[in-house]
file work-v2.cif (mmCIF, C-alpha atoms)
data_coords
loop_
_atom_site.group_PDB
_atom_site.id
_atom_site.type_symbol
_atom_site.label_atom_id
_atom_site.label_comp_id
_atom_site.auth_asym_id
_atom_site.auth_seq_id
_atom_site.Cartn_x
_atom_site.Cartn_y
_atom_site.Cartn_z
ATOM 1 C CA MET A 20 114.480 126.724 101.881
ATOM 2 C CA GLU A 21 118.264 126.740 102.144
ATOM 3 C CA ASN A 22 119.234 124.610 99.208
ATOM 4 C CA LYS A 23 117.377 125.233 95.932
ATOM 5 C CA GLU A 24 119.414 122.666 94.024
ATOM 6 C CA PRO A 25 116.974 120.676 91.869
ATOM 7 C CA VAL A 26 117.027 116.929 92.539
ATOM 8 C CA ILE A 27 114.821 115.521 89.796
ATOM 9 C CA TYR A 28 113.020 116.910 86.753
ATOM 10 C CA ALA A 29 109.478 116.262 85.604
ATOM 11 C CA ASP A 30 110.197 113.729 82.877
ATOM 12 C CA GLN A 31 112.568 111.814 85.130
ATOM 13 C CA LEU A 32 109.871 111.595 87.784
ATOM 14 C CA LEU A 33 107.305 110.394 85.240
ATOM 15 C CA LYS A 34 109.684 107.597 84.262
ATOM 16 C CA HIS A 35 110.325 106.815 87.940
ATOM 17 C CA TRP A 36 106.601 106.686 88.705
ATOM 18 C CA GLN A 37 105.711 104.581 85.677
ATOM 19 C CA GLY A 38 108.589 102.249 86.557
ATOM 20 C CA HIS A 39 107.005 101.686 89.963
ATOM 21 C CA ARG A 40 103.591 101.270 88.340
ATOM 22 C CA SER A 41 105.045 98.684 85.967
ATOM 23 C CA LEU A 42 106.379 96.694 88.920
ATOM 24 C CA THR A 43 103.035 96.937 90.716
ATOM 25 C CA ARG A 44 101.336 95.573 87.588
ATOM 26 C CA LYS A 45 103.662 92.555 87.745
ATOM 27 C CA VAL A 46 102.702 92.039 91.387
ATOM 28 C CA ILE A 47 98.995 92.114 90.451
ATOM 29 C CA GLU A 48 99.707 89.555 87.723
ATOM 30 C CA ALA A 49 101.598 87.329 90.158
ATOM 31 C CA PHE A 50 98.500 86.841 92.342
ATOM 32 C CA PRO A 51 96.253 83.896 91.562
ATOM 33 C CA GLU A 52 92.797 85.173 90.576
ATOM 34 C CA LYS A 53 91.208 83.483 93.586
ATOM 35 C CA ASP A 54 93.521 85.224 96.052
ATOM 36 C CA LEU A 55 93.782 88.731 94.605
ATOM 37 C CA PHE A 56 90.642 90.087 96.273
ATOM 38 C CA SER A 57 90.401 87.655 99.167
ATOM 39 C CA PHE A 58 93.787 86.629 100.599
ATOM 40 C CA SER A 59 95.403 88.743 103.279
ATOM 41 C CA VAL A 60 97.586 88.534 106.375
ATOM 42 C CA GLY A 61 96.826 89.951 109.812
ATOM 43 C CA GLY A 62 93.339 91.156 108.886
ATOM 44 C CA MET A 63 94.634 93.682 106.347
ATOM 45 C CA ARG A 64 92.964 94.448 103.030
ATOM 46 C CA PRO A 65 93.584 92.026 100.134
ATOM 47 C CA PHE A 66 96.068 93.222 97.522
ATOM 48 C CA GLY A 67 93.361 93.806 94.913
ATOM 49 C CA GLU A 68 91.724 96.376 97.177
ATOM 50 C CA LEU A 69 95.076 98.047 97.822
ATOM 51 C CA ALA A 70 95.692 98.254 94.066
ATOM 52 C CA VAL A 71 92.252 99.821 93.542
ATOM 53 C CA GLU A 72 93.208 102.415 96.172
ATOM 54 C CA MET A 73 96.344 103.203 94.158
ATOM 55 C CA LEU A 74 94.208 103.713 91.051
ATOM 56 C CA ASP A 75 91.706 105.852 92.949
ATOM 57 C CA MET A 76 94.575 108.151 93.915
ATOM 58 C CA SER A 77 96.691 108.224 90.797
ATOM 59 C CA HIS A 78 94.120 108.398 87.995
ATOM 60 C CA PRO A 79 92.029 111.359 89.260
ATOM 61 C CA GLY A 80 95.105 112.624 91.121
ATOM 62 C CA ILE A 81 97.162 113.445 88.065
ATOM 63 C CA THR A 82 94.136 115.245 86.614
ATOM 64 C CA GLY A 83 93.850 117.337 89.778
ATOM 65 C CA ILE A 84 97.546 118.116 89.633
ATOM 66 C CA ALA A 85 97.364 119.172 85.989
ATOM 67 C CA THR A 86 94.070 121.079 86.032
ATOM 68 C CA ARG A 87 93.925 122.399 89.621
ATOM 69 C CA THR A 88 90.414 120.891 89.715
ATOM 70 C CA TRP A 89 89.987 117.936 92.024
ATOM 71 C CA GLY A 90 87.267 115.337 91.593
ATOM 72 C CA SER A 91 86.291 113.108 94.467
ATOM 73 C CA TYR A 92 88.764 110.515 95.586
ATOM 74 C CA GLY A 93 87.619 107.059 94.546
ATOM 75 C CA ASP A 94 84.396 107.892 92.703
ATOM 76 C CA ARG A 95 84.794 104.941 90.385
ATOM 77 C CA ALA A 96 81.641 104.152 88.401
ATOM 78 C CA GLU A 97 82.096 100.378 88.580
ATOM 79 C CA LYS A 98 83.682 98.551 91.471
ATOM 80 C CA ILE A 99 86.668 96.458 90.377
ATOM 81 C CA THR A 100 86.526 92.949 91.796
ATOM 82 C CA GLY A 101 88.568 90.799 89.392
ATOM 83 C CA LYS A 102 92.071 90.545 88.021
ATOM 84 C CA GLU A 103 91.237 91.229 84.373
ATOM 85 C CA ALA A 104 89.257 94.378 85.174
ATOM 86 C CA LEU A 105 92.019 95.548 87.514
ATOM 87 C CA LEU A 106 94.758 95.099 84.903
ATOM 88 C CA LYS A 107 92.600 96.876 82.300
ATOM 89 C CA ALA A 108 92.024 99.829 84.630
ATOM 90 C CA TRP A 109 95.742 99.800 85.480
ATOM 91 C CA ASP A 110 96.700 100.083 81.809
ATOM 92 C CA GLU A 111 94.141 102.830 81.239
ATOM 93 C CA ALA A 112 95.660 104.773 84.135
ATOM 94 C CA THR A 113 99.133 104.283 82.667
ATOM 95 C CA GLU A 114 97.986 105.869 79.407
ATOM 96 C CA HIS A 115 96.053 108.584 81.218
ATOM 97 C CA ILE A 116 99.067 109.577 83.312
ATOM 98 C CA ASN A 117 101.310 109.675 80.226
ATOM 99 C CA GLN A 118 98.811 111.879 78.403
ATOM 100 C CA VAL A 119 98.093 114.284 81.233
ATOM 101 C CA TRP A 120 101.675 114.616 82.502
ATOM 102 C CA PRO A 121 102.915 117.000 79.762
ATOM 103 C CA THR A 122 99.977 119.327 80.497
ATOM 104 C CA VAL A 123 101.029 119.974 84.116
ATOM 105 C CA PRO A 124 101.606 123.754 84.185
ATOM 106 C CA ALA A 125 105.112 125.133 84.660
ATOM 107 C CA GLY A 126 105.905 125.730 88.334
ATOM 108 C CA ARG A 127 102.932 123.637 89.422
ATOM 109 C CA MET A 128 105.014 121.113 91.399
ATOM 110 C CA GLN A 129 105.945 123.818 93.898
ATOM 111 C CA GLU A 130 102.457 125.279 94.300
ATOM 112 C CA ARG A 131 100.421 124.547 97.397
ATOM 113 C CA ASP A 132 97.060 122.902 96.819
ATOM 114 C CA VAL A 133 94.452 120.827 98.637
ATOM 115 C CA ALA A 134 94.451 117.421 96.988
ATOM 116 C CA PHE A 135 90.958 115.929 96.678
ATOM 117 C CA GLY A 136 89.768 118.925 98.696
ATOM 118 C CA GLN A 137 91.277 117.323 101.801
ATOM 119 C CA TYR A 138 95.077 117.039 101.836
ATOM 120 C CA GLU A 139 96.969 120.311 101.839
ATOM 121 C CA GLY A 140 100.587 120.633 100.789
ATOM 122 C CA PRO A 141 102.877 121.361 97.866
ATOM 123 C CA VAL A 142 101.966 119.456 94.706
ATOM 124 C CA TYR A 143 105.267 117.539 94.682
ATOM 125 C CA TRP A 144 104.381 116.319 98.179
ATOM 126 C CA THR A 145 100.998 115.056 96.962
ATOM 127 C CA LEU A 146 102.617 113.297 94.027
ATOM 128 C CA PHE A 147 105.252 111.695 96.231
ATOM 129 C CA TYR A 148 102.435 110.552 98.503
ATOM 130 C CA PHE A 149 100.798 108.726 95.570
ATOM 131 C CA ILE A 150 104.090 106.998 94.739
ATOM 132 C CA ASP A 151 105.087 106.213 98.328
ATOM 133 C CA ASN A 152 101.636 104.877 99.128
ATOM 134 C CA GLU A 153 101.938 102.527 96.164
ATOM 135 C CA VAL A 154 105.414 101.321 97.211
ATOM 136 C CA HIS A 155 104.181 100.868 100.794
ATOM 137 C CA HIS A 156 101.144 98.768 99.872
ATOM 138 C CA ARG A 157 103.020 96.865 97.185
ATOM 139 C CA GLY A 158 105.526 95.849 99.886
ATOM 140 C CA GLN A 159 102.565 94.360 101.736
ATOM 141 C CA GLY A 160 101.617 92.507 98.551
ATOM 142 C CA TYR A 161 105.102 90.965 98.532
ATOM 143 C CA VAL A 162 104.409 89.470 101.972
ATOM 144 C CA TYR A 163 101.047 88.109 100.801
ATOM 145 C CA LEU A 164 102.727 86.486 97.789
ATOM 146 C CA ARG A 165 105.446 84.926 99.943
ATOM 147 C CA ALA A 166 102.805 83.686 102.389
ATOM 148 C CA LEU A 167 101.101 82.051 99.380
ATOM 149 C CA GLY A 168 104.382 80.401 98.380
ATOM 150 C CA ILE A 169 104.794 82.632 95.310
ATOM 151 C CA THR A 170 108.087 84.385 94.452
ATOM 152 C CA PRO A 171 107.382 88.095 93.826
ATOM 153 C CA PRO A 172 109.031 89.978 90.932
ATOM 154 C CA PRO A 173 112.381 91.560 91.858
ATOM 155 C CA PHE A 174 111.991 94.964 93.519
ATOM 156 C CA TRP A 175 114.600 96.543 91.259
ATOM 157 C CA ASP A 176 112.882 95.528 88.007
ATOM 158 C CA ARG A 177 110.973 98.581 86.781
ATOM 159 C CA SER A 178 110.917 97.641 83.095
ATOM 160 C CA MET B 2 114.833 114.895 78.447
ATOM 161 C CA GLU B 3 111.760 116.756 77.246
ATOM 162 C CA ASN B 4 110.644 118.508 80.380
ATOM 163 C CA LYS B 5 113.355 120.108 82.540
ATOM 164 C CA GLU B 6 110.851 121.474 85.042
ATOM 165 C CA PRO B 7 112.260 120.810 88.529
ATOM 166 C CA VAL B 8 109.968 118.765 90.767
ATOM 167 C CA ILE B 9 111.688 118.904 94.144
ATOM 168 C CA TYR B 10 114.706 120.671 95.589
ATOM 169 C CA ALA B 11 117.461 119.258 97.779
ATOM 170 C CA ASP B 12 116.247 120.546 101.134
ATOM 171 C CA GLN B 13 112.715 119.414 100.410
ATOM 172 C CA LEU B 14 113.975 115.939 99.611
ATOM 173 C CA LEU B 15 116.037 115.828 102.815
ATOM 174 C CA LYS B 16 112.889 116.641 104.786
ATOM 175 C CA HIS B 17 110.948 114.025 102.811
ATOM 176 C CA TRP B 18 113.601 111.378 103.439
ATOM 177 C CA GLN B 19 113.966 112.140 107.135
ATOM 178 C CA GLY B 20 110.175 112.113 107.453
ATOM 179 C CA HIS B 21 110.180 108.559 106.108
ATOM 180 C CA ARG B 22 113.068 107.655 108.390
ATOM 181 C CA SER B 23 111.171 109.042 111.361
ATOM 182 C CA LEU B 24 108.216 106.815 110.523
ATOM 183 C CA THR B 25 110.481 103.791 110.121
ATOM 184 C CA ARG B 26 111.921 104.519 113.564
ATOM 185 C CA LYS B 27 108.391 104.383 114.991
ATOM 186 C CA VAL B 28 107.862 101.028 113.290
ATOM 187 C CA ILE B 29 111.082 99.693 114.864
ATOM 188 C CA GLU B 30 109.864 100.933 118.247
ATOM 189 C CA ALA B 31 106.481 99.270 117.756
ATOM 190 C CA PHE B 32 108.053 95.800 117.561
ATOM 191 C CA PRO B 33 108.424 93.846 120.791
ATOM 192 C CA GLU B 34 112.125 93.184 121.456
ATOM 193 C CA LYS B 35 111.618 89.443 121.168
ATOM 194 C CA ASP B 36 110.066 89.702 117.696
ATOM 195 C CA LEU B 37 112.186 92.383 116.044
ATOM 196 C CA PHE B 38 114.951 90.049 114.875
ATOM 197 C CA SER B 39 112.997 86.803 114.806
ATOM 198 C CA PHE B 40 109.372 87.195 113.708
ATOM 199 C CA SER B 41 108.527 87.079 110.026
ATOM 200 C CA VAL B 42 105.826 85.983 107.589
ATOM 201 C CA GLY B 43 106.252 83.702 104.582
ATOM 202 C CA GLY B 44 109.915 82.951 105.257
ATOM 203 C CA MET B 45 110.993 86.561 104.733
ATOM 204 C CA ARG B 46 113.641 88.363 106.777
ATOM 205 C CA PRO B 47 112.614 89.725 110.199
ATOM 206 C CA PHE B 48 112.038 93.494 110.342
ATOM 207 C CA GLY B 49 115.222 94.115 112.340
ATOM 208 C CA GLU B 50 117.291 92.695 109.489
ATOM 209 C CA LEU B 51 115.401 94.791 106.958
ATOM 210 C CA ALA B 52 116.073 97.904 109.049
ATOM 211 C CA VAL B 53 119.783 97.066 109.205
ATOM 212 C CA GLU B 54 119.737 96.825 105.406
ATOM 213 C CA MET B 55 118.250 100.321 105.274
ATOM 214 C CA LEU B 56 121.081 101.588 107.479
ATOM 215 C CA ASP B 57 123.702 99.776 105.427
ATOM 216 C CA MET B 58 122.432 101.648 102.365
ATOM 217 C CA SER B 59 121.684 105.080 103.740
ATOM 218 C CA HIS B 60 124.588 105.743 106.107
ATOM 219 C CA PRO B 61 127.499 104.952 103.756
ATOM 220 C CA GLY B 62 125.260 105.851 100.812
ATOM 221 C CA ILE B 63 124.930 109.526 101.625
ATOM 222 C CA THR B 64 128.701 109.673 102.095
ATOM 223 C CA GLY B 65 129.220 108.154 98.647
ATOM 224 C CA ILE B 66 126.778 110.636 97.166
ATOM 225 C CA ALA B 67 128.497 113.597 98.806
ATOM 226 C CA THR B 68 132.130 112.573 98.320
ATOM 227 C CA ARG B 69 131.978 110.473 95.112
ATOM 228 C CA THR B 70 133.903 107.834 97.083
ATOM 229 C CA TRP B 71 131.984 104.671 97.850
ATOM 230 C CA GLY B 72 132.797 102.368 100.729
ATOM 231 C CA SER B 73 131.549 98.826 100.731
ATOM 232 C CA TYR B 74 127.874 98.267 101.207
ATOM 233 C CA GLY B 75 127.149 96.879 104.647
ATOM 234 C CA ASP B 76 130.650 96.805 106.135
ATOM 235 C CA ARG B 77 129.354 97.408 109.630
ATOM 236 C CA ALA B 78 131.940 96.760 112.340
ATOM 237 C CA GLU B 79 129.454 95.263 114.786
ATOM 238 C CA LYS B 80 126.405 93.275 113.818
ATOM 239 C CA ILE B 81 123.207 94.799 115.194
ATOM 240 C CA THR B 82 120.998 92.208 116.835
ATOM 241 C CA GLY B 83 118.871 94.122 119.352
ATOM 242 C CA LYS B 84 116.355 96.936 119.455
ATOM 243 C CA GLU B 85 118.386 99.383 121.526
ATOM 244 C CA ALA B 86 121.453 99.062 119.300
ATOM 245 C CA LEU B 87 119.274 99.412 116.215
ATOM 246 C CA LEU B 88 117.609 102.597 117.444
ATOM 247 C CA LYS B 89 120.989 104.029 118.435
ATOM 248 C CA ALA B 90 122.423 103.314 114.979
ATOM 249 C CA TRP B 91 119.250 104.745 113.436
ATOM 250 C CA ASP B 92 119.657 108.026 115.322
ATOM 251 C CA GLU B 93 123.344 108.201 114.421
ATOM 252 C CA ALA B 94 122.420 107.785 110.753
ATOM 253 C CA THR B 95 119.822 110.552 111.097
ATOM 254 C CA GLU B 96 122.497 112.942 112.361
ATOM 255 C CA HIS B 97 125.022 111.734 109.796
ATOM 256 C CA ILE B 98 122.605 112.327 106.907
ATOM 257 C CA ASN B 99 121.754 115.811 108.205
ATOM 258 C CA GLN B 100 125.429 116.692 108.479
ATOM 259 C CA VAL B 101 126.534 115.296 105.132
ATOM 260 C CA TRP B 102 123.548 116.518 103.100
ATOM 261 C CA PRO B 103 124.636 120.176 102.812
ATOM 262 C CA THR B 104 128.030 119.029 101.476
ATOM 263 C CA VAL B 105 126.565 117.292 98.404
ATOM 264 C CA PRO B 106 128.175 119.182 95.499
ATOM 265 C CA ALA B 107 126.050 121.364 93.229
ATOM 266 C CA GLY B 108 124.753 119.437 90.231
ATOM 267 C CA ARG B 109 125.631 116.120 91.849
ATOM 268 C CA MET B 110 122.057 114.766 91.825
ATOM 269 C CA GLN B 111 122.120 114.640 88.024
ATOM 270 C CA GLU B 112 125.563 113.070 87.683
ATOM 271 C CA ARG B 113 125.903 109.414 86.785
ATOM 272 C CA ASP B 114 127.816 107.274 89.245
ATOM 273 C CA VAL B 115 128.218 103.640 90.288
ATOM 274 C CA ALA B 116 126.807 103.347 93.801
ATOM 275 C CA PHE B 117 128.815 101.005 96.020
ATOM 276 C CA GLY B 118 130.845 100.195 92.924
ATOM 277 C CA GLN B 119 127.914 98.130 91.650
ATOM 278 C CA TYR B 120 124.762 100.077 90.788
ATOM 279 C CA GLU B 121 125.085 102.514 87.918
ATOM 280 C CA GLY B 122 122.699 105.391 87.354
ATOM 281 C CA PRO B 123 122.088 109.055 88.087
ATOM 282 C CA VAL B 124 122.628 109.995 91.729
ATOM 283 C CA TYR B 125 118.966 111.014 92.201
ATOM 284 C CA TRP B 126 118.046 107.494 91.076
ATOM 285 C CA THR B 127 120.350 105.969 93.690
ATOM 286 C CA LEU B 128 118.913 108.208 96.392
ATOM 287 C CA PHE B 129 115.345 107.382 95.393
ATOM 288 C CA TYR B 130 116.311 103.721 95.542
ATOM 289 C CA PHE B 131 117.399 104.126 99.187
ATOM 290 C CA ILE B 132 114.094 105.794 100.049
ATOM 291 C CA ASP B 133 111.881 103.443 98.032
ATOM 292 C CA ASN B 134 113.645 100.396 99.431
ATOM 293 C CA GLU B 135 112.926 101.674 102.929
ATOM 294 C CA VAL B 136 109.236 102.327 102.164
ATOM 295 C CA HIS B 137 108.962 98.884 100.526
ATOM 296 C CA HIS B 138 110.453 96.974 103.456
ATOM 297 C CA ARG B 139 108.665 99.107 106.029
ATOM 298 C CA GLY B 140 105.391 98.140 104.336
ATOM 299 C CA GLN B 141 106.392 94.542 105.032
ATOM 300 C CA GLY B 142 106.996 95.498 108.652
ATOM 301 C CA TYR B 143 103.404 96.762 108.814
ATOM 302 C CA VAL B 144 102.183 93.281 107.876
ATOM 303 C CA TYR B 145 104.405 91.692 110.506
ATOM 304 C CA LEU B 146 103.028 94.070 113.149
ATOM 305 C CA ARG B 147 99.419 93.350 112.135
ATOM 306 C CA ALA B 148 100.164 89.623 112.192
ATOM 307 C CA LEU B 149 101.451 90.139 115.750
ATOM 308 C CA GLY B 150 98.218 91.934 116.677
ATOM 309 C CA ILE B 151 99.957 95.323 116.934
ATOM 310 C CA THR B 152 98.564 98.491 115.314
ATOM 311 C CA PRO B 153 101.342 100.162 113.251
ATOM 312 C CA PRO B 154 101.871 103.936 113.314
ATOM 313 C CA PRO B 155 99.843 105.788 110.658
ATOM 314 C CA PHE B 156 101.565 105.853 107.252
ATOM 315 C CA TRP B 157 101.007 109.586 106.853
ATOM 316 C CA ASP B 158 102.690 110.532 110.146
ATOM 317 C CA ARG B 159 106.207 111.680 109.269
ATOM 318 C CA SER B 160 106.753 113.883 112.319
#
call {"tool": "encode", "arguments": {"input": "work-v2.cif", "output": "structure tokens"}}
result
Amino acid sequence: MENKEPVIYADQLLKHWQGHRSLTRKVIEAFPEKDLFSFSVGGMRPFGELAVEMLDMSHPGITGIATRTWGSYGDRAEKITGKEALLKAWDEATEHINQVWPTVPAGRMQERDVAFGQYEGPVYWTLFYFIDNEVHHRGQGYVYLRALGITPPPFWDRS
Amino acid sequence: MENKEPVIYADQLLKHWQGHRSLTRKVIEAFPEKDLFSFSVGGMRPFGELAVEMLDMSHPGITGIATRTWGSYGDRAEKITGKEALLKAWDEATEHINQVWPTVPAGRMQERDVAFGQYEGPVYWTLFYFIDNEVHHRGQGYVYLRALGITPPPFWDRS
């Protein structure tokens, strides 16, 4: 490491992440119920399934980051197949992340760990993977919405 | 600011950014020449145009971050319309970013500034916008590739 200048601090990253999650929630809302878990382009997964993947990473993921104890990725008790259930789980994850975030131990972001017992790297790298994966798949959701003739929410709106 | 725990340091973020840029380069390469600046889904911009947007942000953007002097966004002398020219400009931007990065002044990431004379916020926020915008549009490129019957490079491969 040549340059140890900090770029971003924990509370700024929480706000950044939740801003992205707020935009993703708007994208979920923009899908018609009938298309959310069925429509796709090019044989890819429907947006509802992509959003469930985001939840399966972020909800247990922040717990793993905070506690150093990783549950299984995606061991959701009930499969989410509808818009209302997805938005409810999304909001629960929002609360969960806000509650767990302040308990992340000091220095933890720079520790190495094996996320979900499978993905080894520094904790900040794991966290950035959660966020980037969400932005990546949400970008795909924008194409699905456009293909359905629906204008997606503006990318810059993280309110 | 409640929690001033640093998450990521400058050299780690450079590696993170260039890892994303390396993946985006692979996505550009994966497009057939004839489709790069013409194919799209749902009336969106073709991937070549999205990639030029990324360059128009990142290349002058890192200069603005380092020097506090912002040129105009997207004032490219020659319009890029082909794959070879795009990859060449991409590689030039890669070098440019690597060269300028170490000259970013200490503490700069937390300063407020008005990027391109238009977008006000902390510098880390501007930089994250460049990266997120690239991940967002690249995700759209993945859909275009799938719609063309082409398997995109794996999302996790940042080599």
call {"tool": "closest_atom_pairs", "arguments": {"input": "work-v2.cif", "of": "chain A", "to": "chain B", "cutoff": "6 Å", "atoms": "all atoms listed in the file", "output": "tab-separated table"}}
result
residue	atom	partner	partner_atom	distance
A:Asn22	CA	B:Asp12	CA	5.4
A:Lys23	CA	B:Tyr10	CA	5.3
A:Glu24	CA	B:Tyr10	CA	5.3
A:Pro25	CA	B:Tyr10	CA	4.4
A:Val26	CA	B:Tyr10	CA	5.4
A:Ile27	CA	B:Val8	CA	5.9
A:Tyr28	CA	B:Pro7	CA	4.4
A:Ala29	CA	B:Glu6	CA	5.4
A:Asp30	CA	B:Asn4	CA	5.4
A:Gly61	CA	B:Ala148	CA	4.1
A:Met128	CA	B:Val8	CA	5.5
A:Val154	CA	B:His137	CA	5.4
A:His155	CA	B:Gly140	CA	4.6
A:Gly158	CA	B:His137	CA	4.6
A:Gln159	CA	B:Gln141	CA	5.1
A:Arg165	CA	B:Gly43	CA	4.9
A:Ala166	CA	B:Gly43	CA	4.1
call {"tool": "resolve_selection", "arguments": {"input": "work-v2.cif", "expression": "the PyMOL selection byres ((chain B and resi 50) around 12)", "output": "JSON, numbers by chain"}}
result
{"B": [29, 36, 37, 38, 39, 40, 41, 45, 46, 47, 48, 49, 51, 52, 53, 54, 55, 56, 57, 75, 80, 81, 82, 83, 84, 87, 135, 138, 139, 141, 142]}
call {"tool": "atom_distance", "arguments": {"input": "work-v2.cif", "atom1": "atom CA of Tyr92 of chain A", "atom2": "atom CA of Glu111 of chain A"}}
result
17.1 Å
call {"tool": "atom_distance", "arguments": {"input": "work-v2.cif", "atom1": "atom CA of Ser178 of chain A", "atom2": "atom CA of Ile116 of chain A"}}
result
16.8 Å
call {"tool": "atom_distance", "arguments": {"input": "work-v2.cif", "atom1": "atom CA of Pro51 of chain A", "atom2": "atom CA of Leu33 of chain A"}}
result
29.4 Å
call {"tool": "closest_residue", "arguments": {"input": "work-v2.cif", "among": "A:His115, A:Lys107, A:Arg131, A:Arg87", "to": "Arg44 of chain A", "atoms": "all atoms listed in the file"}}
result
A:Lys107
